Amino acid sequence: MSEVPEKHIGEAGSHKQRESETASLPDQVGNVGRRTSEELVDDICASLGKSHKSLGPLEKVYVFWLAGMSCDGCTVSVTGATEPALEDLLTGSIPGVPLVVLHHYVLQLESGDHYMQSLLKAEQGELDGPYVIAYEGSIPDENLTAGGAPFAGEGSLPLWAPSEERRRVSTAEWVKRLAPGAAAMIAVGTCATWGGIPAAYGNVTGSMSVMDFLGKDYRSVLGLPVINIPGCAPVGDNFTDAVQAILLFLQGLGPLPEFDELGRPAWQFSETVHRRCVRAGYYEEGTFAKEYGDPECLVEIGCWGPVVQCNITEKGAVAHMGGCMNAGGPCIGCTMPGFPDKFSPFYKSPPGSLFSSNASRVLGSIVRPLAESASASATARFAGTRQCQAAGQWRKATFRSRTRFWNSFTRRCSFKARSVPNDTAPKTNLRQATKACLNACMAKIIRCFPNSVGGKQRREANTKEEKNEQTNEYCRLVDGDWN
């Protein structure tokens, strides 16, 4: 079926054309690229001169992205990740991390039955590497749809069968079938981790989190519980960072990532929003915003930052930019269990904020004067330093101008004294020369410091004609016209 031996597929330097395994499938509808996603990854690696050879036992890991009751916001966030970028995982650009083959209903090359066959291969153990399940959205109770179409479906079975013989398969069923053999199960976003908005009070779908669906005792093939990456939508870097850490552990190149009691990566959700918030200084000073758009702390208009564990203010939304508080919005607790019911309504002050904000006001009445005093003192020292520097420059400029004047003046006097017969004439000329040269010297110094007090007074006192007259007189005297 293939011209190139399988061990060389995708390695650097292999540019031979080969026939895709999709050519032998009964129906080519949905096979627009004439390639499977796995073959596409091989071709990309070959074009980049890369090899599947890795530093650990794994060369390839499959990731199946399934969606339940979701808005696809998690997909948007993950595709915008930058540290590491999703593209780096899909092209094997991170040293030590095996190649990631992503099966995503939006990003997939194939469609229809060609897309679904990889899920069946995973269930039947026919893949050439371990697989990870990433689930977006909450899982509905499909028992409520008995005899009808599922709330959230993914393909139809059996493959390539007539439509009257096929049935829609829910994503909940795929989780049941694939979870026992998965290397890891990752719940992406608040809907998948805690139930989120689809599981809020009054919902009719019976939606629940992945952990509730699989049970608290669930463990993957490698002994991992459900890994939760909460957020509505989550920070894209949190997902790719967690995947990278897990893959390095599977390769034997890194330690087992630490997770907290809720299954979240501990290094991402160990601190509160408030500790990294750009407005936290206002809270310590007891200064609070009164309406949206104010630059102060947002606790009194609905911000839950002091009690919510999230790194949005540190990571930002995309590439360390944006994020709730960074963009002027209060924290509504979207990463925490019980969201949104326990944090509604979003525009009211959180319980207990009255006591904490008043305590901050008392502390701020002491902190603010101290901060203002320290700032004023630092400003005064800085201003004094600059004044000393300006005074030093003034003295240097005055000394240089005075030196140049007297050198020129003494040369002129010594030359003219020999040619003037009358002793009183040089004295009169000397007085005039001294006055003119001093005025010209002062004008030159003022030009060096035009913004000084003396410079402003001089500009106001002298007219243009007076300045020209003084300049002409000075030039005449320097050139030797003493008479």
# chains A, B, ... in the order shown; residues from 1 in each chain; ligands from 1
>>> select_by_dssp(residues="segment 263-391 of chain A", states="alpha helix (DSSP H)", output="ChimeraX atom specification")
/A:273-276,280-284,312-315,353-391
>>> write_last_selection(atoms="N, CA and C atoms", output="compact mmCIF listing (two decimals), in the first residue's frame")
# COMPACT_ATOMS: atom_id res chain seq x y z
N VAL A 273 -6.84 35.51 42.45
CA VAL A 273 -6.77 36.57 41.45
C VAL A 273 -6.22 37.85 42.07
N HIS A 274 -6.59 38.10 43.31
CA HIS A 274 -6.25 39.36 43.97
C HIS A 274 -4.75 39.56 44.10
N ARG A 275 -4.01 38.48 44.31
CA ARG A 275 -2.57 38.61 44.55
C ARG A 275 -1.82 39.13 43.33
N ARG A 276 -2.34 38.85 42.15
CA ARG A 276 -1.67 39.29 40.92
C ARG A 276 -2.44 40.41 40.22
N ALA A 280 -4.75 45.68 42.82
CA ALA A 280 -4.65 45.26 44.22
C ALA A 280 -4.14 46.37 45.12
N GLY A 281 -3.31 47.26 44.59
CA GLY A 281 -2.79 48.37 45.40
C GLY A 281 -3.89 49.28 45.91
N TYR A 282 -4.93 49.49 45.11
CA TYR A 282 -6.05 50.32 45.54
C TYR A 282 -6.79 49.67 46.71
N TYR A 283 -6.86 48.33 46.69
CA TYR A 283 -7.53 47.61 47.79
C TYR A 283 -6.78 47.85 49.10
N GLU A 284 -5.46 47.79 49.05
CA GLU A 284 -4.67 48.00 50.27
C GLU A 284 -4.82 49.43 50.79
N ILE A 312 -5.55 34.45 35.60
CA ILE A 312 -5.85 35.26 34.43
C ILE A 312 -5.11 36.59 34.47
N THR A 313 -4.94 37.18 35.66
CA THR A 313 -4.24 38.47 35.73
C THR A 313 -2.74 38.32 35.47
N GLU A 314 -2.21 37.14 35.69
CA GLU A 314 -0.79 36.88 35.44
C GLU A 314 -0.56 36.44 34.00
N LYS A 315 -1.37 35.51 33.51
CA LYS A 315 -1.21 34.97 32.16
C LYS A 315 -1.82 35.84 31.09
N SER A 353 -17.70 41.25 51.74
CA SER A 353 -16.87 42.34 51.22
C SER A 353 -17.05 43.63 52.03
N LEU A 354 -18.22 43.79 52.66
CA LEU A 354 -18.46 44.99 53.46
C LEU A 354 -17.46 45.09 54.61
N PHE A 355 -17.24 43.97 55.29
CA PHE A 355 -16.28 43.96 56.40
C PHE A 355 -14.86 44.16 55.90
N SER A 356 -14.48 43.42 54.85
CA SER A 356 -13.10 43.50 54.37
C SER A 356 -12.79 44.87 53.77
N SER A 357 -13.75 45.44 53.03
CA SER A 357 -13.49 46.74 52.40
C SER A 357 -13.40 47.84 53.46
N ASN A 358 -14.23 47.77 54.50
CA ASN A 358 -14.14 48.78 55.57
C ASN A 358 -12.83 48.63 56.34
N ALA A 359 -12.39 47.38 56.53
CA ALA A 359 -11.10 47.18 57.19
C ALA A 359 -9.96 47.75 56.33
N SER A 360 -10.09 47.62 55.00
CA SER A 360 -9.09 48.19 54.11
C SER A 360 -9.11 49.71 54.15
N ARG A 361 -10.28 50.28 54.32
CA ARG A 361 -10.36 51.74 54.43
C ARG A 361 -9.63 52.24 55.69
N VAL A 362 -9.81 51.51 56.81
CA VAL A 362 -9.12 51.91 58.03
C VAL A 362 -7.61 51.81 57.84
N LEU A 363 -7.18 50.69 57.27
CA LEU A 363 -5.75 50.53 57.02
C LEU A 363 -5.26 51.55 55.99
N GLY A 364 -6.08 51.83 54.99
CA GLY A 364 -5.68 52.78 53.96
C GLY A 364 -5.51 54.19 54.49
N SER A 365 -6.29 54.55 55.53
CA SER A 365 -6.14 55.88 56.12
C SER A 365 -4.76 56.08 56.72
N ILE A 366 -4.08 54.98 57.04
CA ILE A 366 -2.71 55.06 57.54
C ILE A 366 -1.71 54.90 56.40
N VAL A 367 -2.01 53.98 55.48
CA VAL A 367 -1.06 53.67 54.41
C VAL A 367 -0.95 54.83 53.42
N ARG A 368 -2.07 55.44 53.07
CA ARG A 368 -2.04 56.49 52.05
C ARG A 368 -1.17 57.68 52.45
N PRO A 369 -1.33 58.25 53.68
CA PRO A 369 -0.45 59.37 54.04
C PRO A 369 1.02 58.98 54.04
N LEU A 370 1.33 57.75 54.51
CA LEU A 370 2.72 57.31 54.50
C LEU A 370 3.25 57.22 53.07
N ALA A 371 2.43 56.66 52.17
CA ALA A 371 2.86 56.54 50.78
C ALA A 371 3.04 57.91 50.13
N GLU A 372 2.10 58.82 50.41
CA GLU A 372 2.21 60.17 49.84
C GLU A 372 3.43 60.89 50.38
N SER A 373 3.73 60.72 51.67
CA SER A 373 4.89 61.36 52.26
C SER A 373 6.18 60.81 51.65
N ALA A 374 6.24 59.49 51.51
CA ALA A 374 7.43 58.88 50.91
C ALA A 374 7.60 59.33 49.46
N SER A 375 6.49 59.42 48.73
CA SER A 375 6.57 59.87 47.34
C SER A 375 7.03 61.32 47.24
N ALA A 376 6.48 62.17 48.13
CA ALA A 376 6.89 63.57 48.11
C ALA A 376 8.37 63.72 48.46
N SER A 377 8.84 62.94 49.44
CA SER A 377 10.24 63.00 49.82
C SER A 377 11.15 62.57 48.67
N ALA A 378 10.76 61.47 48.00
CA ALA A 378 11.57 61.00 46.87
C ALA A 378 11.57 62.02 45.74
N THR A 379 10.42 62.66 45.51
CA THR A 379 10.35 63.67 44.46
C THR A 379 11.22 64.87 44.80
N ALA A 380 11.21 65.27 46.07
CA ALA A 380 12.03 66.41 46.49
C ALA A 380 13.51 66.11 46.32
N ARG A 381 13.94 64.91 46.70
CA ARG A 381 15.33 64.54 46.53
C ARG A 381 15.72 64.53 45.07
N PHE A 382 14.85 64.02 44.24
CA PHE A 382 15.13 63.98 42.80
C PHE A 382 15.21 65.39 42.24
N ALA A 383 14.26 66.24 42.65
CA ALA A 383 14.25 67.61 42.17
C ALA A 383 15.50 68.35 42.64
N GLY A 384 15.91 68.11 43.89
CA GLY A 384 17.11 68.75 44.39
C GLY A 384 18.34 68.33 43.61
N THR A 385 18.42 67.08 43.27
CA THR A 385 19.54 66.60 42.47
C THR A 385 19.58 67.28 41.11
N ARG A 386 18.40 67.40 40.50
CA ARG A 386 18.35 68.06 39.20
C ARG A 386 18.72 69.54 39.29
N GLN A 387 18.30 70.22 40.40
CA GLN A 387 18.65 71.62 40.58
C GLN A 387 20.15 71.79 40.77
N CYS A 388 20.75 70.87 41.53
CA CYS A 388 22.19 70.93 41.70
C CYS A 388 22.91 70.72 40.37
N GLN A 389 22.42 69.81 39.57
CA GLN A 389 23.01 69.58 38.26
C GLN A 389 22.88 70.82 37.39
N ALA A 390 21.69 71.47 37.43
CA ALA A 390 21.48 72.68 36.63
C ALA A 390 22.39 73.81 37.10
N ALA A 391 22.55 73.94 38.44
CA ALA A 391 23.44 74.98 38.96
C ALA A 391 24.88 74.74 38.54
>>> residues_around(residues="Leu86 of chain A", least_positions_apart="3", cutoff="10 Å", atoms="only C-alpha atoms", output="list of chain:residue names")
A:Val78, A:Thr79, A:Gly80, A:Ala81, A:Thr82, A:Glu83, A:Leu89, A:Leu90, A:Thr91, A:Val100, A:Leu102, A:Gly236, A:Asp237, A:Phe239, A:Thr240, A:Asp241
>>> residues_around(residues="Pro57 of chain A", least_positions_apart="5", cutoff="9 Å", atoms="only C-alpha atoms", output="list of chain:residue names")
A:Pro98, A:Leu250, A:Gln251, A:Gly252
>>> atom_distance(atom1="atom CA of Ser207 of chain A", atom2="atom CA of Glu142 of chain A")
9.1 Å
>>> residues_around(residues="Ile139 of chain A", least_positions_apart="6", cutoff="10 Å", atoms="only C-alpha atoms", output="VMD selection string")
chain A and resid 67 to 70 151 to 152 170 to 173 175 191 to 192 195 198 to 199 205 to 213
>>> write_last_selection(atoms="C-alpha atoms", output="short mmCIF file (atom, residue, chain, number, x, y, z; two decimals), in the first residue's frame")
data_model
loop_
_atom_site.label_atom_id
_atom_site.label_comp_id
_atom_site.auth_asym_id
_atom_site.auth_seq_id
_atom_site.Cartn_x
_atom_site.Cartn_y
_atom_site.Cartn_z
CA ALA A 67 -17.72 18.46 22.93
CA GLY A 68 -20.92 18.32 24.93
CA MET A 69 -23.01 21.29 26.04
CA SER A 70 -20.54 23.98 25.07
CA PHE A 151 -28.38 16.56 23.17
CA ALA A 152 -24.76 16.39 22.02
CA SER A 170 -23.76 10.92 21.82
CA THR A 171 -20.48 12.29 23.12
CA ALA A 172 -21.42 10.89 26.53
CA GLU A 173 -21.38 7.42 24.98
CA VAL A 175 -16.63 9.06 26.83
CA CYS A 191 -18.69 23.46 31.93
CA ALA A 192 -16.59 20.27 31.75
CA GLY A 195 -20.99 21.70 35.08
CA PRO A 198 -25.59 24.27 31.23
CA ALA A 199 -25.80 22.71 34.72
CA THR A 205 -30.67 18.71 30.25
CA GLY A 206 -29.41 17.23 33.51
CA SER A 207 -25.92 18.39 32.60
CA MET A 208 -22.97 17.49 34.81
CA SER A 209 -19.19 17.66 34.89
CA VAL A 210 -16.88 15.00 33.50
CA MET A 211 -15.78 14.07 37.01
CA ASP A 212 -19.41 13.61 38.11
CA PHE A 213 -20.11 11.55 35.00
#
>>> residues_around(residues="Ala182 of chain A", least_positions_apart="2", cutoff="6 Å", atoms="only C-alpha atoms", output="MDAnalysis selection string")
chainID A and resid 131:132 179:180 184 220:221
>>> write_last_selection(atoms="C-alpha atoms", output="PDB file, in the first residue's frame")
ATOM      1  CA  TYR A 131      -4.520   8.584  23.310  1.00  0.00           C
ATOM      2  CA  VAL A 132      -5.835  11.383  25.509  1.00  0.00           C
ATOM      3  CA  ALA A 179     -12.285   6.656  28.963  1.00  0.00           C
ATOM      4  CA  PRO A 180     -11.225   3.196  30.230  1.00  0.00           C
ATOM      5  CA  ALA A 184      -5.424  10.840  30.480  1.00  0.00           C
ATOM      6  CA  SER A 220      -6.918   6.464  33.541  1.00  0.00           C
ATOM      7  CA  VAL A 221      -4.674   3.701  32.260  1.00  0.00           C
TER       8      VAL A 221
END
>>> residues_around(residues="Gly329 of chain A", least_positions_apart="2", cutoff="12 Å", atoms="only C-alpha atoms", output="number ranges by chain")
A: 277-279, 289, 291-299, 301-305, 312-313, 322-327, 331-333, 346-347
>>> closest_residue(among="A:Gly328, A:Pro306, A:Gly181, A:Pro337", to="Pro230 of chain A", atoms="only C-alpha atoms")
A:Pro337
>>> residues_around(residues="Ala134 of chain A", least_positions_apart="6", cutoff="9 Å", atoms="only C-alpha atoms", output="list in words")
Val63, Phe64, Trp65, Leu66, Ala67, Ala184, Met185, Ile186, Ala187 and Val188 of chain A
>>> write_last_selection(atoms="C-alpha atoms", output="short mmCIF file (atom, residue, chain, number, x, y, z; two decimals), in the first residue's frame")
data_model
loop_
_atom_site.label_atom_id
_atom_site.label_comp_id
_atom_site.auth_asym_id
_atom_site.auth_seq_id
_atom_site.Cartn_x
_atom_site.Cartn_y
_atom_site.Cartn_z
CA VAL A 63 -5.75 13.66 21.38
CA PHE A 64 -9.49 13.26 20.78
CA TRP A 65 -11.39 16.48 21.41
CA LEU A 66 -15.05 15.86 22.21
CA ALA A 67 -17.72 18.46 22.93
CA ALA A 184 -5.42 10.84 30.48
CA MET A 185 -8.84 12.48 30.68
CA ILE A 186 -8.80 16.29 30.54
CA ALA A 187 -11.88 18.41 31.25
CA VAL A 188 -11.45 21.74 29.45
#
